[in-house]
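Asker: Compact mmCIF, N, CA and C atoms and all ligand atoms, file protein-v7.txt:
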```
# COMPACT_ATOMS: atom_id res chain seq x y z
N MET Q 1 -18.80 2.79 4.46
CA MET Q 1 -18.15 1.68 3.77
C MET Q 1 -16.74 1.43 4.31
N ILE Q 2 -15.87 2.49 4.26
CA ILE Q 2 -14.51 2.24 4.74
C ILE Q 2 -14.48 2.25 6.27
N GLY Q 3 -13.57 1.44 6.79
CA GLY Q 3 -13.42 1.34 8.24
C GLY Q 3 -12.09 1.90 8.68
N ARG Q 4 -11.35 1.11 9.43
CA ARG Q 4 -10.09 1.59 10.01
C ARG Q 4 -9.04 1.87 8.94
N LEU Q 5 -8.14 2.79 9.28
CA LEU Q 5 -6.94 2.97 8.47
C LEU Q 5 -6.03 1.78 8.77
N ASN Q 6 -5.77 0.95 7.77
CA ASN Q 6 -4.92 -0.21 8.00
C ASN Q 6 -3.45 0.16 7.95
N HIS Q 7 -3.05 0.89 6.91
CA HIS Q 7 -1.66 1.35 6.87
C HIS Q 7 -1.50 2.51 5.89
N VAL Q 8 -0.39 3.20 6.05
CA VAL Q 8 0.08 4.19 5.09
C VAL Q 8 1.36 3.60 4.50
N ALA Q 9 1.46 3.58 3.16
CA ALA Q 9 2.64 3.00 2.52
C ALA Q 9 3.54 4.12 2.02
N ILE Q 10 4.82 3.99 2.32
CA ILE Q 10 5.82 4.97 1.91
C ILE Q 10 6.82 4.27 0.99
N ALA Q 11 6.93 4.78 -0.23
CA ALA Q 11 7.89 4.22 -1.19
C ALA Q 11 9.27 4.80 -0.92
N VAL Q 12 10.27 3.95 -0.94
CA VAL Q 12 11.65 4.38 -0.66
C VAL Q 12 12.59 3.70 -1.65
N ARG Q 13 13.75 4.32 -1.84
CA ARG Q 13 14.76 3.71 -2.69
C ARG Q 13 15.58 2.68 -1.93
N ASP Q 14 15.82 2.93 -0.65
CA ASP Q 14 16.71 2.07 0.15
C ASP Q 14 15.97 1.68 1.42
N ILE Q 15 15.42 0.48 1.41
CA ILE Q 15 14.52 0.09 2.50
C ILE Q 15 15.29 -0.15 3.80
N ALA Q 16 16.55 -0.57 3.69
CA ALA Q 16 17.34 -0.79 4.91
C ALA Q 16 17.57 0.55 5.63
N LYS Q 17 17.87 1.55 4.83
CA LYS Q 17 18.10 2.88 5.39
C LYS Q 17 16.80 3.44 5.99
N ALA Q 18 15.70 3.25 5.28
CA ALA Q 18 14.41 3.74 5.77
C ALA Q 18 14.00 3.02 7.05
N ALA Q 19 14.25 1.72 7.10
CA ALA Q 19 13.91 0.95 8.31
C ALA Q 19 14.74 1.44 9.49
N GLN Q 20 15.97 1.79 9.21
CA GLN Q 20 16.86 2.29 10.26
C GLN Q 20 16.34 3.62 10.82
N VAL Q 21 15.86 4.48 9.92
CA VAL Q 21 15.30 5.77 10.37
C VAL Q 21 14.13 5.52 11.31
N TYR Q 22 13.22 4.62 10.91
CA TYR Q 22 12.05 4.36 11.76
C TYR Q 22 12.43 3.67 13.05
N ARG Q 23 13.39 2.74 12.99
CA ARG Q 23 13.78 1.99 14.19
C ARG Q 23 14.62 2.86 15.13
N ASP Q 24 15.67 3.47 14.57
CA ASP Q 24 16.66 4.12 15.45
C ASP Q 24 16.33 5.58 15.72
N THR Q 25 15.87 6.31 14.72
CA THR Q 25 15.59 7.74 14.93
C THR Q 25 14.22 7.93 15.55
N LEU Q 26 13.21 7.21 15.03
CA LEU Q 26 11.84 7.41 15.50
C LEU Q 26 11.45 6.40 16.59
N GLY Q 27 12.28 5.38 16.81
CA GLY Q 27 12.02 4.46 17.91
C GLY Q 27 10.80 3.59 17.73
N ALA Q 28 10.52 3.18 16.49
CA ALA Q 28 9.34 2.36 16.22
C ALA Q 28 9.71 0.88 16.16
N GLU Q 29 8.64 0.05 16.24
CA GLU Q 29 8.79 -1.40 16.13
C GLU Q 29 8.79 -1.75 14.64
N VAL Q 30 9.91 -2.28 14.16
CA VAL Q 30 10.14 -2.44 12.72
C VAL Q 30 10.40 -3.92 12.41
N SER Q 31 9.74 -4.46 11.40
CA SER Q 31 9.93 -5.87 11.02
C SER Q 31 11.20 -6.03 10.18
N ALA Q 32 11.55 -7.28 9.92
CA ALA Q 32 12.61 -7.57 8.94
C ALA Q 32 12.06 -7.27 7.55
N VAL Q 33 12.94 -7.20 6.56
CA VAL Q 33 12.53 -7.00 5.18
C VAL Q 33 11.86 -8.27 4.66
N GLU Q 34 10.70 -8.10 4.05
CA GLU Q 34 9.98 -9.25 3.49
C GLU Q 34 9.79 -9.02 1.99
N PRO Q 35 10.43 -9.85 1.15
CA PRO Q 35 10.22 -9.72 -0.29
C PRO Q 35 8.81 -10.16 -0.68
N GLN Q 36 8.18 -9.38 -1.59
CA GLN Q 36 6.84 -9.73 -2.10
C GLN Q 36 6.97 -9.79 -3.62
N PRO Q 37 7.62 -10.86 -4.13
CA PRO Q 37 7.91 -10.88 -5.57
C PRO Q 37 6.67 -10.74 -6.45
N GLU Q 38 5.53 -11.25 -5.99
CA GLU Q 38 4.31 -11.16 -6.82
C GLU Q 38 3.78 -9.73 -6.90
N HIS Q 39 4.26 -8.84 -5.99
CA HIS Q 39 3.85 -7.43 -6.04
C HIS Q 39 4.98 -6.52 -6.51
N GLY Q 40 6.17 -7.10 -6.75
CA GLY Q 40 7.29 -6.30 -7.24
C GLY Q 40 7.85 -5.33 -6.21
N VAL Q 41 7.75 -5.68 -4.93
CA VAL Q 41 8.29 -4.82 -3.88
C VAL Q 41 8.90 -5.65 -2.74
N ASN Q 42 9.85 -5.04 -2.05
CA ASN Q 42 10.25 -5.50 -0.72
C ASN Q 42 9.49 -4.65 0.28
N THR Q 43 9.09 -5.26 1.39
CA THR Q 43 8.32 -4.50 2.39
C THR Q 43 8.95 -4.62 3.77
N VAL Q 44 8.75 -3.57 4.54
CA VAL Q 44 9.03 -3.57 5.98
C VAL Q 44 7.77 -3.04 6.63
N PHE Q 45 7.32 -3.70 7.68
CA PHE Q 45 6.13 -3.25 8.39
C PHE Q 45 6.53 -2.61 9.70
N ILE Q 46 5.95 -1.46 9.95
CA ILE Q 46 6.20 -0.73 11.18
C ILE Q 46 4.90 -0.70 11.95
N THR Q 47 4.93 -1.24 13.14
CA THR Q 47 3.71 -1.33 13.93
C THR Q 47 3.64 -0.16 14.90
N LEU Q 48 2.59 0.65 14.73
CA LEU Q 48 2.32 1.76 15.64
C LEU Q 48 1.12 1.37 16.50
N PRO Q 49 0.90 2.09 17.60
CA PRO Q 49 -0.22 1.70 18.47
C PRO Q 49 -1.57 1.69 17.76
N ASN Q 50 -1.78 2.59 16.78
CA ASN Q 50 -3.11 2.68 16.17
C ASN Q 50 -3.15 2.30 14.70
N THR Q 51 -2.01 2.06 14.07
CA THR Q 51 -2.01 1.69 12.65
C THR Q 51 -0.64 1.15 12.28
N LYS Q 52 -0.41 0.98 11.01
CA LYS Q 52 0.89 0.49 10.53
C LYS Q 52 1.42 1.43 9.45
N ILE Q 53 2.72 1.41 9.31
CA ILE Q 53 3.38 2.03 8.18
C ILE Q 53 4.02 0.90 7.40
N GLU Q 54 3.89 0.96 6.07
CA GLU Q 54 4.47 -0.06 5.20
C GLU Q 54 5.53 0.64 4.36
N LEU Q 55 6.78 0.28 4.55
CA LEU Q 55 7.83 0.79 3.68
C LEU Q 55 7.91 -0.14 2.48
N ILE Q 56 7.95 0.42 1.29
CA ILE Q 56 8.05 -0.41 0.08
C ILE Q 56 9.21 0.08 -0.79
N GLU Q 57 9.96 -0.88 -1.26
CA GLU Q 57 11.14 -0.63 -2.11
C GLU Q 57 10.98 -1.47 -3.37
N PRO Q 58 11.38 -0.95 -4.53
CA PRO Q 58 11.21 -1.73 -5.77
C PRO Q 58 11.96 -3.07 -5.69
N LEU Q 59 11.33 -4.08 -6.27
CA LEU Q 59 11.94 -5.40 -6.37
C LEU Q 59 11.73 -5.88 -7.81
N GLY Q 60 12.82 -6.12 -8.52
CA GLY Q 60 12.73 -6.63 -9.89
C GLY Q 60 12.61 -5.52 -10.92
N GLU Q 61 12.54 -5.95 -12.17
CA GLU Q 61 12.60 -5.02 -13.32
C GLU Q 61 11.37 -4.14 -13.45
N ASN Q 62 10.19 -4.72 -13.28
CA ASN Q 62 8.95 -4.00 -13.59
C ASN Q 62 8.17 -3.66 -12.32
N SER Q 63 8.87 -3.15 -11.34
CA SER Q 63 8.19 -2.83 -10.09
C SER Q 63 7.15 -1.74 -10.31
N PRO Q 64 5.94 -1.91 -9.74
CA PRO Q 64 4.90 -0.89 -9.91
C PRO Q 64 5.24 0.44 -9.23
N ILE Q 65 6.26 0.48 -8.40
CA ILE Q 65 6.60 1.76 -7.74
C ILE Q 65 7.82 2.43 -8.37
N ALA Q 66 8.37 1.85 -9.45
CA ALA Q 66 9.56 2.44 -10.07
C ALA Q 66 9.28 3.85 -10.58
N LYS Q 67 8.16 4.02 -11.27
CA LYS Q 67 7.83 5.35 -11.83
C LYS Q 67 7.61 6.38 -10.73
N PHE Q 68 6.93 5.94 -9.68
CA PHE Q 68 6.68 6.84 -8.55
C PHE Q 68 8.00 7.37 -7.99
N LEU Q 69 8.99 6.48 -7.88
CA LEU Q 69 10.28 6.92 -7.32
C LEU Q 69 11.06 7.78 -8.31
N GLU Q 70 10.79 7.60 -9.61
CA GLU Q 70 11.40 8.53 -10.57
C GLU Q 70 10.87 9.94 -10.34
N ARG Q 71 9.57 10.02 -10.07
CA ARG Q 71 8.96 11.34 -9.83
C ARG Q 71 9.25 11.87 -8.43
N ASN Q 72 9.51 10.96 -7.51
CA ASN Q 72 9.74 11.34 -6.10
C ASN Q 72 11.05 10.70 -5.63
N PRO Q 73 12.17 11.25 -6.07
CA PRO Q 73 13.44 10.59 -5.81
C PRO Q 73 13.80 10.44 -4.33
N ASP Q 74 13.21 11.26 -3.47
CA ASP Q 74 13.48 11.11 -2.03
C ASP Q 74 12.52 10.14 -1.36
N GLY Q 75 11.63 9.53 -2.15
CA GLY Q 75 10.59 8.69 -1.57
C GLY Q 75 9.38 9.54 -1.25
N GLY Q 76 8.31 8.88 -0.78
CA GLY Q 76 7.11 9.65 -0.44
C GLY Q 76 5.94 8.73 -0.18
N ILE Q 77 4.84 9.34 0.28
CA ILE Q 77 3.64 8.54 0.56
C ILE Q 77 3.08 8.02 -0.76
N HIS Q 78 2.94 6.71 -0.85
CA HIS Q 78 2.53 6.06 -2.10
C HIS Q 78 1.05 5.72 -2.09
N HIS Q 79 0.55 5.17 -1.01
CA HIS Q 79 -0.89 4.90 -0.92
C HIS Q 79 -1.32 4.80 0.54
N ILE Q 80 -2.64 4.88 0.73
CA ILE Q 80 -3.20 4.63 2.05
C ILE Q 80 -4.18 3.48 1.93
N CYS Q 81 -4.26 2.68 2.98
CA CYS Q 81 -5.08 1.47 2.93
C CYS Q 81 -6.17 1.52 3.99
N TYR Q 82 -7.41 1.43 3.51
CA TYR Q 82 -8.57 1.38 4.40
C TYR Q 82 -9.12 -0.03 4.45
N GLU Q 83 -9.64 -0.40 5.60
CA GLU Q 83 -10.27 -1.71 5.73
C GLU Q 83 -11.74 -1.64 5.33
N VAL Q 84 -12.18 -2.69 4.67
CA VAL Q 84 -13.61 -2.87 4.38
C VAL Q 84 -14.00 -4.26 4.83
N SER Q 85 -15.26 -4.44 5.18
CA SER Q 85 -15.68 -5.75 5.69
C SER Q 85 -15.89 -6.75 4.55
N ASP Q 86 -16.29 -6.28 3.39
CA ASP Q 86 -16.54 -7.18 2.25
C ASP Q 86 -16.00 -6.49 0.99
N ILE Q 87 -14.86 -6.96 0.53
CA ILE Q 87 -14.15 -6.23 -0.52
C ILE Q 87 -14.91 -6.27 -1.85
N ARG Q 88 -15.59 -7.37 -2.15
CA ARG Q 88 -16.30 -7.44 -3.43
C ARG Q 88 -17.53 -6.53 -3.43
N SER Q 89 -18.24 -6.50 -2.33
CA SER Q 89 -19.41 -5.61 -2.32
C SER Q 89 -18.97 -4.15 -2.28
N ALA Q 90 -17.84 -3.86 -1.63
CA ALA Q 90 -17.31 -2.48 -1.66
C ALA Q 90 -16.94 -2.11 -3.09
N ARG Q 91 -16.24 -3.02 -3.78
CA ARG Q 91 -15.86 -2.77 -5.18
C ARG Q 91 -17.09 -2.51 -6.04
N ASP Q 92 -18.08 -3.34 -5.91
CA ASP Q 92 -19.26 -3.20 -6.76
C ASP Q 92 -19.97 -1.87 -6.50
N ALA Q 93 -20.05 -1.49 -5.22
CA ALA Q 93 -20.70 -0.22 -4.88
C ALA Q 93 -19.90 0.95 -5.45
N LEU Q 94 -18.57 0.88 -5.37
CA LEU Q 94 -17.73 1.97 -5.89
C LEU Q 94 -17.84 2.06 -7.40
N LYS Q 95 -17.84 0.91 -8.07
CA LYS Q 95 -17.95 0.93 -9.53
C LYS Q 95 -19.28 1.50 -9.98
N ARG Q 96 -20.33 1.18 -9.24
CA ARG Q 96 -21.65 1.75 -9.57
C ARG Q 96 -21.62 3.27 -9.51
N GLN Q 97 -20.74 3.80 -8.64
CA GLN Q 97 -20.63 5.27 -8.51
C GLN Q 97 -19.59 5.86 -9.45
N GLY Q 98 -19.05 5.01 -10.34
CA GLY Q 98 -18.15 5.52 -11.36
C GLY Q 98 -16.67 5.47 -10.99
N ALA Q 99 -16.33 4.93 -9.85
CA ALA Q 99 -14.92 4.87 -9.45
C ALA Q 99 -14.20 3.80 -10.27
N ARG Q 100 -12.93 4.07 -10.55
CA ARG Q 100 -12.13 3.13 -11.33
C ARG Q 100 -11.30 2.24 -10.40
N VAL Q 101 -11.44 0.93 -10.62
CA VAL Q 101 -10.64 -0.04 -9.87
C VAL Q 101 -9.47 -0.42 -10.76
N LEU Q 102 -8.27 -0.45 -10.21
CA LEU Q 102 -7.08 -0.74 -11.03
C LEU Q 102 -6.97 -2.23 -11.33
N GLY Q 103 -6.22 -2.53 -12.38
CA GLY Q 103 -5.99 -3.92 -12.77
C GLY Q 103 -7.26 -4.54 -13.34
N ASP Q 104 -7.42 -5.83 -13.14
CA ASP Q 104 -8.59 -6.51 -13.72
C ASP Q 104 -9.82 -6.43 -12.80
N GLY Q 105 -9.67 -5.73 -11.68
CA GLY Q 105 -10.82 -5.53 -10.80
C GLY Q 105 -11.05 -6.67 -9.82
N GLU Q 106 -10.24 -7.71 -9.94
CA GLU Q 106 -10.40 -8.84 -9.01
C GLU Q 106 -9.43 -8.64 -7.84
N PRO Q 107 -9.89 -8.86 -6.60
CA PRO Q 107 -9.01 -8.73 -5.45
C PRO Q 107 -7.82 -9.69 -5.54
N LYS Q 108 -6.65 -9.19 -5.12
CA LYS Q 108 -5.45 -10.02 -5.06
C LYS Q 108 -5.04 -10.15 -3.60
N VAL Q 109 -4.31 -11.19 -3.29
CA VAL Q 109 -3.82 -11.33 -1.92
C VAL Q 109 -2.68 -10.35 -1.71
N GLY Q 110 -2.85 -9.46 -0.75
CA GLY Q 110 -1.88 -8.40 -0.52
C GLY Q 110 -0.78 -8.81 0.45
N ALA Q 111 0.01 -7.81 0.84
CA ALA Q 111 1.19 -8.06 1.67
C ALA Q 111 0.83 -8.63 3.04
N HIS Q 112 -0.42 -8.48 3.47
CA HIS Q 112 -0.80 -9.01 4.79
C HIS Q 112 -1.60 -10.30 4.69
N GLY Q 113 -1.59 -10.90 3.48
CA GLY Q 113 -2.28 -12.18 3.31
C GLY Q 113 -3.79 -12.06 3.18
N LYS Q 114 -4.28 -10.84 2.94
CA LYS Q 114 -5.73 -10.64 2.80
C LYS Q 114 -6.04 -10.04 1.43
N PRO Q 115 -7.27 -10.20 0.94
CA PRO Q 115 -7.60 -9.66 -0.38
C PRO Q 115 -7.55 -8.14 -0.40
N VAL Q 116 -6.94 -7.61 -1.47
CA VAL Q 116 -6.83 -6.15 -1.61
C VAL Q 116 -7.19 -5.74 -3.04
N LEU Q 117 -7.56 -4.47 -3.16
CA LEU Q 117 -7.81 -3.82 -4.45
C LEU Q 117 -7.24 -2.41 -4.38
N PHE Q 118 -6.89 -1.86 -5.54
CA PHE Q 118 -6.44 -0.48 -5.59
C PHE Q 118 -7.41 0.35 -6.42
N LEU Q 119 -7.64 1.59 -5.97
CA LEU Q 119 -8.57 2.51 -6.62
C LEU Q 119 -7.80 3.66 -7.24
N HIS Q 120 -8.29 4.13 -8.38
CA HIS Q 120 -7.57 5.16 -9.14
C HIS Q 120 -7.45 6.46 -8.35
N PRO Q 121 -6.22 7.00 -8.26
CA PRO Q 121 -6.04 8.24 -7.48
C PRO Q 121 -6.87 9.41 -7.99
N LYS Q 122 -7.16 9.45 -9.30
CA LYS Q 122 -7.92 10.59 -9.83
C LYS Q 122 -9.34 10.62 -9.28
N ASP Q 123 -9.83 9.48 -8.84
CA ASP Q 123 -11.18 9.44 -8.28
C ASP Q 123 -11.20 9.69 -6.77
N PHE Q 124 -10.01 9.72 -6.14
CA PHE Q 124 -9.96 9.81 -4.68
C PHE Q 124 -8.96 10.87 -4.21
N CYS Q 125 -9.21 12.10 -4.68
CA CYS Q 125 -8.49 13.26 -4.14
C CYS Q 125 -6.98 13.16 -4.38
N GLY Q 126 -6.60 12.51 -5.49
CA GLY Q 126 -5.19 12.45 -5.83
C GLY Q 126 -4.39 11.45 -5.01
N THR Q 127 -5.08 10.55 -4.34
CA THR Q 127 -4.38 9.58 -3.49
C THR Q 127 -4.72 8.17 -3.95
N LEU Q 128 -3.69 7.36 -4.18
CA LEU Q 128 -3.91 5.95 -4.48
C LEU Q 128 -4.46 5.28 -3.21
N VAL Q 129 -5.60 4.65 -3.36
CA VAL Q 129 -6.27 4.03 -2.21
C VAL Q 129 -6.26 2.52 -2.38
N GLU Q 130 -5.82 1.83 -1.34
CA GLU Q 130 -5.90 0.38 -1.28
C GLU Q 130 -7.04 0.02 -0.34
N LEU Q 131 -7.85 -0.93 -0.75
CA LEU Q 131 -8.86 -1.48 0.16
C LEU Q 131 -8.40 -2.87 0.56
N GLU Q 132 -8.53 -3.16 1.82
CA GLU Q 132 -8.16 -4.50 2.31
C GLU Q 132 -9.32 -5.07 3.09
N GLN Q 133 -9.64 -6.32 2.79
CA GLN Q 133 -10.72 -6.94 3.54
C GLN Q 133 -10.26 -7.17 4.97
N ALA Q 134 -11.02 -6.67 5.92
CA ALA Q 134 -10.60 -6.75 7.34
C ALA Q 134 -10.70 -8.19 7.84
CO CO Q 201 -0.47 -1.35 1.05
```
I'd like the structure from this file rewritten - as structure tokens, please.
Ligand code: CO
Answerer:
Amino acid sequence: MIGRLNHVAIAVRDIAKAAQVYRDTLGAEVSAVEPQPEHGVNTVFITLPNTKIELIEPLGENSPIAKFLERNPDGGIHHICYEVSDIRSARDALKRQGARVLGDGEPKVGAHGKPVLFLHPKDFCGTLVELEQA
């Protein structure tokens, strides 16, 4: 069902500082900061030869990553994103197997302009999983 690793998302308190670490210390190709108000985060995309890293920083009062950063004040890996060819059929197959889909279960347009869903970390080895339609 799952295909390529699309990205690993790292939650940070200061996205400018984090972008600088990836650009200047690690020598990666780093995008400008892109606000995603509908997701409550600012994002920076880091393009690696085989995948992407997504830096996410809270944006606004009710950011979905605020609690995560309270528990992980230095930042940390927040989720991993796998590609699927058909997000609705993947969702239906996972639900049939008892997996919990977060939110109302309907795919939303994610940071890359494609439909995404999130799966409950308790069902996936303690890791928040994002599915993105390839
Ligand atoms: Co993501």
Asker: With ligand CO 201 (chain Q) as the partner and 8 Å as the cut-off, tabulate the residues of chain Q that qualify, each row holding the nearest pair of atoms and their distance in Å to one decimal, using only N, CA and C atoms and all ligand atoms, sorted by chain and rising number, as a Markdown table.
Answerer:
```
| residue | atom | partner | partner_atom | distance |
| --- | --- | --- | --- | --- |
| Q:Asn6 | C | Q:CO201 | CO | 7.7 |
| Q:His7 | C | Q:CO201 | CO | 6.3 |
| Q:Val8 | C | Q:CO201 | CO | 6.3 |
| Q:Ala9 | CA | Q:CO201 | CO | 5.5 |
| Q:Ile10 | N | Q:CO201 | CO | 7.6 |
| Q:Glu54 | CA | Q:CO201 | CO | 6.6 |
| Q:His78 | C | Q:CO201 | CO | 7.9 |
| Q:His79 | C | Q:CO201 | CO | 6.2 |
| Q:Ile80 | C | Q:CO201 | CO | 6.2 |
| Q:Cys81 | CA | Q:CO201 | CO | 5.7 |
| Q:Tyr82 | N | Q:CO201 | CO | 7.9 |
| Q:Gly110 | CA | Q:CO201 | CO | 7.4 |
| Q:Ala111 | N | Q:CO201 | CO | 6.5 |
| Q:His112 | N | Q:CO201 | CO | 7.5 |
| Q:Val129 | C | Q:CO201 | CO | 7.8 |
| Q:Glu130 | CA | Q:CO201 | CO | 6.2 |
| Q:Leu131 | N | Q:CO201 | CO | 7.6 |
```
Asker: Please report the interatomic distance between atom N of Arg13 (chain Q) and atom C of Ala99 (chain Q) in Å with one decimal.
Answerer: 29.2 Å
Asker: Find the spatial neighbours of region 59-75 of chain Q, counting only N, CA and C atoms, within a cut-off of 8 Å - ignore same-chain residues fewer than 4 positions away - and output them as a PyMOL selection string.
Answerer: chain Q and resi 10-14+35-37+39-42
Asker: Ranking Q:Ile2, Q:Cys125, Q:Leu119, Q:Ile15 by minimum distance to Leu55 (chain Q) and counting all atoms listed in the file, which one comes first?
Answerer: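 Under the stated criterion, the closest residue is Q:Ile15.
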Asker: Determine the nearest neighbour of Pro58 (chain Q) from the options Q:Thr43, Q:Met1, Q:Arg96, Q:Pro107, counting all atoms listed in the file.
Answerer: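 Comparing Q:Thr43, Q:Met1, Q:Arg96, Q:Pro107 against Pro58 (chain Q), the winner is Q:Thr43.
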Asker: Looking only at the backbone, which of the residues in region 14-93 of chain Q does DSSP tag as helix (DSSP H, G or I), as a list in words?
Answerer: Ile15, Ala16, Lys17, Ala18, Ala19, Gln20, Val21, Tyr22, Arg23, Asp24, Thr25, Pro37, Glu38, His39, Ala66, Lys67, Phe68, Leu69, Glu70, Arg71, Ile87, Arg88, Ser89, Ala90, Arg91, Asp92 and Ala93 of chain Q
Asker: Looking at Q:Ala16, Q:Ile77, Q:Leu5, Q:Ile53, which one is nearest to Ala28 (chain Q), with distances taken over only C-alpha atoms?
Answerer: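 Comparing Q:Ala16, Q:Ile77, Q:Leu5, Q:Ile53 against Ala28 (chain Q), the winner is Q:Ile53.
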Asker: Near Ala19 (chain Q), within 8 Å and counting all atoms listed in the file, which residues show up once chain neighbours fewer than 6 positions away are dropped, as a PyMOL selection string?
Answerer: chain Q and resi 25+30-31+44+55
Asker: Starting from the block above, write region 101-116 of chain Q out to a file with N, CA and C atoms, as a short mmCIF file (atom, residue, chain, number, x, y, z; two decimals), in the first residue's frame, please.
Answerer:
```
data_model
loop_
_atom_site.label_atom_id
_atom_site.label_comp_id
_atom_site.auth_asym_id
_atom_site.auth_seq_id
_atom_site.Cartn_x
_atom_site.Cartn_y
_atom_site.Cartn_z
N VAL Q 101 -8.10 7.01 11.74
CA VAL Q 101 -7.74 8.16 10.91
C VAL Q 101 -8.10 9.41 11.70
N LEU Q 102 -7.21 10.37 11.75
CA LEU Q 102 -7.46 11.58 12.56
C LEU Q 102 -8.43 12.52 11.86
N GLY Q 103 -9.04 13.39 12.65
CA GLY Q 103 -9.98 14.37 12.11
C GLY Q 103 -11.25 13.71 11.64
N ASP Q 104 -11.87 14.29 10.62
CA ASP Q 104 -13.15 13.74 10.14
C ASP Q 104 -12.95 12.61 9.12
N GLY Q 105 -11.69 12.26 8.87
CA GLY Q 105 -11.43 11.13 7.97
C GLY Q 105 -11.41 11.50 6.49
N GLU Q 106 -11.72 12.77 6.21
CA GLU Q 106 -11.70 13.19 4.81
C GLU Q 106 -10.33 13.79 4.50
N PRO Q 107 -9.74 13.45 3.35
CA PRO Q 107 -8.44 14.02 2.98
C PRO Q 107 -8.52 15.55 2.87
N LYS Q 108 -7.46 16.21 3.33
CA LYS Q 108 -7.35 17.66 3.21
C LYS Q 108 -6.17 17.97 2.29
N VAL Q 109 -6.19 19.13 1.69
CA VAL Q 109 -5.06 19.51 0.84
C VAL Q 109 -3.90 19.89 1.76
N GLY Q 110 -2.79 19.19 1.60
CA GLY Q 110 -1.64 19.38 2.48
C GLY Q 110 -0.69 20.45 1.98
N ALA Q 111 0.46 20.52 2.63
CA ALA Q 111 1.44 21.57 2.35
C ALA Q 111 1.99 21.50 0.93
N HIS Q 112 1.85 20.35 0.27
CA HIS Q 112 2.38 20.23 -1.09
C HIS Q 112 1.27 20.29 -2.14
N GLY Q 113 0.07 20.72 -1.70
CA GLY Q 113 -1.02 20.88 -2.66
C GLY Q 113 -1.69 19.57 -3.05
N LYS Q 114 -1.43 18.50 -2.30
CA LYS Q 114 -2.03 17.20 -2.61
C LYS Q 114 -2.85 16.71 -1.41
N PRO Q 115 -3.81 15.81 -1.64
CA PRO Q 115 -4.64 15.34 -0.52
C PRO Q 115 -3.81 14.53 0.48
N VAL Q 116 -4.06 14.82 1.76
CA VAL Q 116 -3.34 14.12 2.83
C VAL Q 116 -4.31 13.69 3.93
#
```
